[in-house]
There are 2 protein chains.
Amino acid sequence: MPNNPLSKGKERFIEQLGERGLIETIVNKFNANANRRIVTVGAGEDDCAVIDVDSASGGRKYLVVTTDTVQESTHLPKGISPFQIGWTAAAVNLSDIAAMGAHPFAFTVAMGVPARTRSAFVEEVVEGIEKCASAYHTAVVGGDVTRSKEVILTGTCLGFADSPVRRAGARVGDLVCVTGSLGNAALAMNLIKRFRDTELKVPVKVEEIAKKALFQPMPRIQEGIALADSVWVTSMIDISDGLALSLAELAKSSGVGFEIYEDKVPVLSEELRSAETFDLSSIGVERRALAFYGGDYELLFTSDASGLKRISKTIKMSVIGKVTPHEAGIYFKKGEEKEKIELIGYQHF
Amino acid sequence: MPNNPLSKGKERFIEQLGERGLIETIVNKFNANANRRIVTVGAGEDDCAVIDVDSASGGRKYLVVTTDTVQESTHLPKGISPFQIGWTAAAVNLSDIAAMGAHPFAFTVAMGVPARTRSAFVEEVVEGIEKCASAYHTAVVGGDVTRSKEVILTGTCLGFADSPVRRAGARVGDLVCVTGSLGNAALAMNLIKRFRDTELKVPVKVEEIAKKALFQPMPRIQEGIALADSVWVTSMIDISDGLALSLAELAKSSGVGFEIYEDKVPVLSEELRSAETFDLSSIGVERRALAFYGGDYELLFTSDASGLKRISKTIKMSVIGKVTPHEAGIYFKKGEEKEKIELIGYQHF
């Protein structure tokens, strides 16, 4: 298996390379792409990274910070490549920065890896981290490598914003919206599970697109910034543990309820829907389950109705419901039917 | 054992508490002490923490960032309490901030813990993190809790500085100095190891003081700031993996060599030396090994000789050698004898 960090082949293991040798190969990669106007001292160059605040902030008033871990035993889907593990570790953090509508600029990563890990594995993980961070103009400025019982990556991402969008702020009557489409990653999870169990054949294109959404998610940085710049957006969160849980978090923070029109929820990307030559139900997958209980890295936000026309010109988005009083709870509507949304989704414990 | 995270008693485990329940108990503790002038949005309150840059920076030009992991299988000495595990996770990061001479203001922590961990264990770890951070006026602004195979804590610390002190900058002729005293933590490590092997009795006071240095290190934030404020200090690093490795790092970054006067190296604190009613050699411990190859969280720095009188009035420090040309290598001198310093110390792989 290409993504097995422990291999008994003739390859070089990181325990042979030594901690300092390993770090040297990593920091060279990270520092090559750093914007030196912002990053005065980069990864591995001193006790700390040093960042020029004026250049990095562009005069913005707030520093935003988030930290998130991905690890082998619970977070990483089967079949993910080392490059994609690294990409994911950066993407989950960038997605939180997107959810505030902030401009990311710096990322640090602490990697725990077993001693008998192939050094090629670590190099590919590092490549994935670097590629994702630089796709969003973010410098990897620091890190740490330690020996651990399993592969575990903790990222911390820093951004600047003038008016970060909070989870609190949704008002009764606002419209509820999502960027992009939901359920793509969840479809891939289902396909992986079903492939193991059956002889099921799914069009190659469907498989490819779905797996890309699952293994190499694209955080919505530009969309988040555009939404924060709009005066009409009242609250925002990313959808990392499924739409249902994100709705619940937003409702709790804003003290409101939601009415969601199930038919308006954009399930699967256009690409997937046009490629969808097989029947979802034939693999036992419900459309609703994909969108509501699978994690994507889209943004869920609320907005005053008057601003939506302008917003929808800049970013790909759908109106999926409206904000109701807290007492009304969280429901979805399909025609005249009204049903309480089950608050389940991914929890680590 | 009080520090065993996995217990089969009647206690509550975090898997019963659930991820969201666990996070709630943690963030309440972290947010209680946050300085709300600086921390606009604290731990667990949104997708990211939000920090007011002007208030946090005090107008300082540079943001400094560091990240460091401690985990069960490699970093944590036997006998350490959950509180001290948390304290250490914050202290190792604050020590890197100290080594730049920066003012710390924010800390994030990602915790990996096995599902069958007592919730009291996690609460004590959190208490230790919080107490160490607030001892240095640093707010815990964010974090993450995940299930992992062993206890693993990754901290990221942020600080501001006007003139961060680099590892590069030592000039031939500068004096080499350390803050405080070395070898205290290493003595405790030796005592723990010897206690297991023999019936050895050591004065209780010696044991207590040494263990405090090992289990609850005090990063030298105030000293680092004072040294950065002095125009005479030319380079600085913390001593986390022993004096020998820190000298080697400083020599490499600055392109110099060092001549260290072994007798001038302050081995063991005054308290320990006055309490030292037993003979180190009776437990097979060499004075040199304690200072050179054991980790403390003191600062190693170089300075122009003219400024040292003033510096030594503000902080507790010792001159231990002088900067020589790179070709001269790293030696220590004892009387007329000159001996190459072995470059060994703690490496993770």
# chains A, B, ... in the order shown; residues from 1 in each chain; ligands from 1
>>> select_by_dssp(residues="region 176-341 of chain B", states="alpha helix (DSSP H)", output="ChimeraX atom specification")
/B:184-197,204-215,221-229,243-254,270-275,287-293,308-314
>>> interface_residues(of="chain A", to="chain B", cutoff="7 Å", atoms="only C-alpha atoms", output="ChimeraX atom specification")
/A:15,18-19,46-53,61-69,96-97,99-100,108,110,115,142-144,146-147,149,154,166-167,237,347-349
>>> write_last_selection(atoms="N, CA and C atoms", output="CSV table (one decimal), in the first residue's frame")
chain,number,residue,atom,x,y,z
A,15,GLU,N,14.0,7.1,11.5
A,15,GLU,CA,14.9,6.8,12.7
A,15,GLU,C,16.4,6.8,12.2
A,18,GLY,N,17.6,10.6,11.6
A,18,GLY,CA,17.8,11.4,12.8
A,18,GLY,C,16.9,12.6,12.8
A,19,GLU,N,16.5,13.1,14.0
A,19,GLU,CA,15.6,14.2,14.1
A,19,GLU,C,16.1,15.5,13.3
A,46,ASP,N,15.1,29.5,13.7
A,46,ASP,CA,15.4,30.0,15.0
A,46,ASP,C,14.4,29.4,16.1
A,47,ASP,N,14.4,29.9,17.3
A,47,ASP,CA,13.5,29.3,18.3
A,47,ASP,C,12.0,29.6,17.9
A,48,CYS,N,11.8,30.7,17.3
A,48,CYS,CA,10.4,31.0,16.8
A,48,CYS,C,10.5,31.5,15.4
A,49,ALA,N,9.4,31.5,14.7
A,49,ALA,CA,9.2,32.2,13.4
A,49,ALA,C,9.0,33.7,13.8
A,50,VAL,N,9.4,34.6,12.9
A,50,VAL,CA,9.2,36.0,13.1
A,50,VAL,C,8.5,36.6,11.9
A,51,ILE,N,7.4,37.3,12.2
A,51,ILE,CA,6.5,37.8,11.1
A,51,ILE,C,6.4,39.3,11.2
A,52,ASP,N,6.5,40.0,10.2
A,52,ASP,CA,6.4,41.5,10.2
A,52,ASP,C,4.9,41.8,10.2
A,53,VAL,N,4.4,42.4,11.3
A,53,VAL,CA,3.0,42.5,11.5
A,53,VAL,C,2.4,43.5,10.5
A,61,LYS,N,-7.3,44.9,11.6
A,61,LYS,CA,-7.4,45.1,13.0
A,61,LYS,C,-7.3,43.8,13.9
A,62,TYR,N,-7.7,42.7,13.4
A,62,TYR,CA,-7.8,41.5,14.2
A,62,TYR,C,-6.9,40.4,13.7
A,63,LEU,N,-6.3,39.7,14.6
A,63,LEU,CA,-5.5,38.5,14.4
A,63,LEU,C,-6.5,37.3,14.7
A,64,VAL,N,-6.7,36.4,13.8
A,64,VAL,CA,-7.5,35.2,14.1
A,64,VAL,C,-6.6,34.0,14.1
A,65,VAL,N,-6.9,33.1,15.0
A,65,VAL,CA,-6.1,31.9,15.3
A,65,VAL,C,-6.9,30.6,15.4
A,66,THR,N,-6.5,29.6,14.8
A,66,THR,CA,-7.3,28.3,15.0
A,66,THR,C,-6.3,27.1,15.0
A,67,THR,N,-6.7,26.0,15.7
A,67,THR,CA,-5.8,24.9,15.7
A,67,THR,C,-6.7,23.6,15.5
A,68,ASP,N,-6.2,22.7,14.8
A,68,ASP,CA,-7.0,21.5,14.5
A,68,ASP,C,-6.1,20.3,14.2
A,69,THR,N,-6.5,19.1,14.6
A,69,THR,CA,-5.6,17.9,14.5
A,69,THR,C,-6.3,16.9,13.6
A,96,ASP,N,-11.4,26.9,8.8
A,96,ASP,CA,-11.8,27.7,10.0
A,96,ASP,C,-11.5,29.2,9.8
A,97,ILE,N,-10.4,29.5,9.2
A,97,ILE,CA,-10.0,30.8,8.8
A,97,ILE,C,-11.0,31.4,7.8
A,99,ALA,N,-14.1,30.5,7.6
A,99,ALA,CA,-15.4,30.7,8.3
A,99,ALA,C,-15.5,32.0,9.1
A,100,MET,N,-14.3,32.7,9.3
A,100,MET,CA,-14.3,34.0,9.9
A,100,MET,C,-14.2,35.1,8.9
A,108,THR,N,1.5,26.7,11.2
A,108,THR,CA,2.5,25.9,11.8
A,108,THR,C,2.0,24.5,11.9
A,110,ALA,N,2.7,20.5,13.7
A,110,ALA,CA,3.4,19.6,14.5
A,110,ALA,C,3.0,18.2,14.1
A,115,ALA,N,8.6,5.8,14.7
A,115,ALA,CA,10.0,5.9,14.3
A,115,ALA,C,10.3,5.1,13.1
A,142,GLY,N,6.5,27.3,10.8
A,142,GLY,CA,7.1,26.6,11.9
A,142,GLY,C,6.6,25.2,12.1
A,143,GLY,N,7.2,24.4,12.9
A,143,GLY,CA,6.7,23.1,13.1
A,143,GLY,C,7.5,22.3,14.1
A,144,ASP,N,7.2,21.1,14.2
A,144,ASP,CA,7.8,20.2,15.2
A,144,ASP,C,7.6,18.8,14.7
A,146,THR,N,7.9,14.8,16.2
A,146,THR,CA,8.2,14.0,17.3
A,146,THR,C,7.8,12.5,17.0
A,147,ARG,N,8.3,11.6,17.8
A,147,ARG,CA,8.0,10.2,17.6
A,147,ARG,C,6.7,9.9,18.3
A,149,LYS,N,2.9,7.1,18.5
A,149,LYS,CA,2.4,5.8,18.2
A,149,LYS,C,1.7,5.7,16.9
A,154,THR,N,-1.0,18.2,13.9
A,154,THR,CA,-1.7,19.3,14.5
A,154,THR,C,-1.3,20.6,13.7
A,166,ARG,N,-18.9,36.3,13.0
A,166,ARG,CA,-19.1,35.4,14.1
A,166,ARG,C,-20.2,34.4,13.8
A,167,ARG,N,-20.2,33.4,14.7
A,167,ARG,CA,-21.4,32.4,14.6
A,167,ARG,C,-22.6,33.1,15.1
A,237,ILE,N,-20.2,29.9,9.6
A,237,ILE,CA,-19.5,28.8,10.2
A,237,ILE,C,-19.1,27.9,9.0
A,347,GLN,N,-18.6,13.1,15.8
A,347,GLN,CA,-18.0,13.5,17.1
A,347,GLN,C,-16.8,12.5,17.4
A,348,HIS,N,-15.8,13.1,18.0
A,348,HIS,CA,-14.6,12.3,18.2
A,348,HIS,C,-14.7,11.3,19.3
A,349,PHE,N,-15.5,11.6,20.3
A,349,PHE,CA,-15.6,10.6,21.4
A,349,PHE,C,-17.0,10.1,21.6
>>> atom_distance(atom1="CA of Glu124 (chain B)", atom2="CA of Tyr136 (chain B)")
18.8 Å
>>> residues_around(residues="Ser318 (chain B)", least_positions_apart="2", cutoff="8 Å", atoms="only C-alpha atoms", output="list in words")
Cys177, Val178, Thr179, Gly180, Lys264, Val265, Pro266, Lys316 and Ile320 of chain B
>>> atom_distance(atom1="CA of Val92 (chain B)", atom2="CA of Asp229 (chain B)")
22.3 Å
>>> atom_distance(atom1="CA of Lys29 (chain B)", atom2="CA of Ala135 (chain B)")
14.6 Å
>>> select_by_dssp(residues="region 79-203 of chain B", states="strand (DSSP E)", output="PyMOL selection string")
chain B and resi 103-113+139-147+152-161+175-179
>>> write_last_selection(atoms="N, CA and C atoms", output="compact mmCIF listing (two decimals), in the first residue's frame")
# COMPACT_ATOMS: atom_id res chain seq x y z
N HIS B 103 7.30 39.11 24.12
CA HIS B 103 6.21 39.14 25.10
C HIS B 103 5.13 38.18 24.64
N PRO B 104 4.91 37.07 25.35
CA PRO B 104 3.85 36.14 24.93
C PRO B 104 2.47 36.74 25.23
N PHE B 105 1.47 36.38 24.41
CA PHE B 105 0.11 36.86 24.71
C PHE B 105 -0.96 35.82 24.45
N ALA B 106 -0.70 34.83 23.58
CA ALA B 106 -1.75 33.86 23.28
C ALA B 106 -1.16 32.47 23.09
N PHE B 107 -1.95 31.46 23.45
CA PHE B 107 -1.52 30.06 23.39
C PHE B 107 -2.69 29.22 22.91
N THR B 108 -2.41 28.27 22.01
CA THR B 108 -3.44 27.30 21.65
C THR B 108 -2.90 25.91 21.97
N VAL B 109 -3.80 24.97 22.25
CA VAL B 109 -3.34 23.62 22.58
C VAL B 109 -4.23 22.57 21.94
N ALA B 110 -3.63 21.61 21.27
CA ALA B 110 -4.37 20.48 20.72
C ALA B 110 -4.02 19.26 21.57
N MET B 111 -5.05 18.62 22.12
CA MET B 111 -4.82 17.47 22.99
C MET B 111 -5.31 16.21 22.33
N GLY B 112 -4.45 15.21 22.24
CA GLY B 112 -4.89 13.89 21.85
C GLY B 112 -4.93 13.02 23.11
N VAL B 113 -6.06 12.37 23.35
CA VAL B 113 -6.19 11.50 24.52
C VAL B 113 -6.94 10.23 24.15
N ALA B 139 -3.00 34.23 27.36
CA ALA B 139 -4.35 33.68 27.32
C ALA B 139 -4.37 32.40 26.48
N VAL B 140 -5.06 31.37 26.97
CA VAL B 140 -5.28 30.19 26.14
C VAL B 140 -6.50 30.50 25.28
N VAL B 141 -6.29 30.71 23.98
CA VAL B 141 -7.36 31.23 23.12
C VAL B 141 -7.99 30.18 22.22
N GLY B 142 -7.43 28.98 22.17
CA GLY B 142 -8.04 27.99 21.29
C GLY B 142 -7.47 26.63 21.53
N GLY B 143 -8.11 25.62 20.91
CA GLY B 143 -7.62 24.28 21.10
C GLY B 143 -8.44 23.27 20.34
N ASP B 144 -8.11 22.04 20.59
CA ASP B 144 -8.76 20.94 19.90
C ASP B 144 -8.56 19.71 20.78
N VAL B 145 -9.57 18.85 20.83
CA VAL B 145 -9.44 17.59 21.56
C VAL B 145 -9.78 16.45 20.61
N THR B 146 -8.89 15.50 20.48
CA THR B 146 -9.15 14.36 19.60
C THR B 146 -8.80 13.07 20.33
N ARG B 147 -9.32 11.98 19.79
CA ARG B 147 -9.00 10.68 20.36
C ARG B 147 -7.70 10.21 19.72
N ILE B 152 -1.00 13.15 23.95
CA ILE B 152 -0.10 13.98 23.14
C ILE B 152 -0.65 15.40 23.11
N LEU B 153 0.19 16.36 23.46
CA LEU B 153 -0.24 17.75 23.55
C LEU B 153 0.63 18.62 22.67
N THR B 154 0.01 19.31 21.71
CA THR B 154 0.76 20.25 20.88
C THR B 154 0.33 21.66 21.22
N GLY B 155 1.29 22.46 21.63
CA GLY B 155 1.00 23.85 21.94
C GLY B 155 1.56 24.76 20.87
N THR B 156 0.91 25.90 20.67
CA THR B 156 1.45 26.94 19.79
C THR B 156 1.36 28.24 20.56
N CYS B 157 2.47 28.95 20.63
CA CYS B 157 2.49 30.18 21.42
C CYS B 157 2.81 31.37 20.52
N LEU B 158 2.11 32.47 20.77
CA LEU B 158 2.31 33.71 20.00
C LEU B 158 2.83 34.80 20.92
N GLY B 159 3.75 35.61 20.40
CA GLY B 159 4.27 36.73 21.17
C GLY B 159 4.53 37.91 20.25
N PHE B 160 4.80 39.05 20.84
CA PHE B 160 5.19 40.23 20.06
C PHE B 160 6.56 40.71 20.54
N ALA B 161 7.35 41.24 19.63
CA ALA B 161 8.67 41.77 20.00
C ALA B 161 9.04 42.90 19.05
N LEU B 175 31.13 37.55 25.11
CA LEU B 175 31.12 36.59 26.20
C LEU B 175 29.89 35.69 26.09
N VAL B 176 30.05 34.45 26.56
CA VAL B 176 28.96 33.47 26.53
C VAL B 176 28.35 33.38 27.94
N CYS B 177 27.03 33.46 28.03
CA CYS B 177 26.38 33.52 29.34
C CYS B 177 25.18 32.59 29.42
N VAL B 178 24.80 32.22 30.62
CA VAL B 178 23.54 31.51 30.85
C VAL B 178 22.79 32.19 31.99
N THR B 179 21.45 32.12 31.93
CA THR B 179 20.64 32.58 33.05
C THR B 179 20.55 31.44 34.07
>>> closest_residue(among="A:Val319, A:Leu245, A:Leu272, A:Val126", to="Glu207 (chain A)", atoms="only C-alpha atoms")
A:Leu272
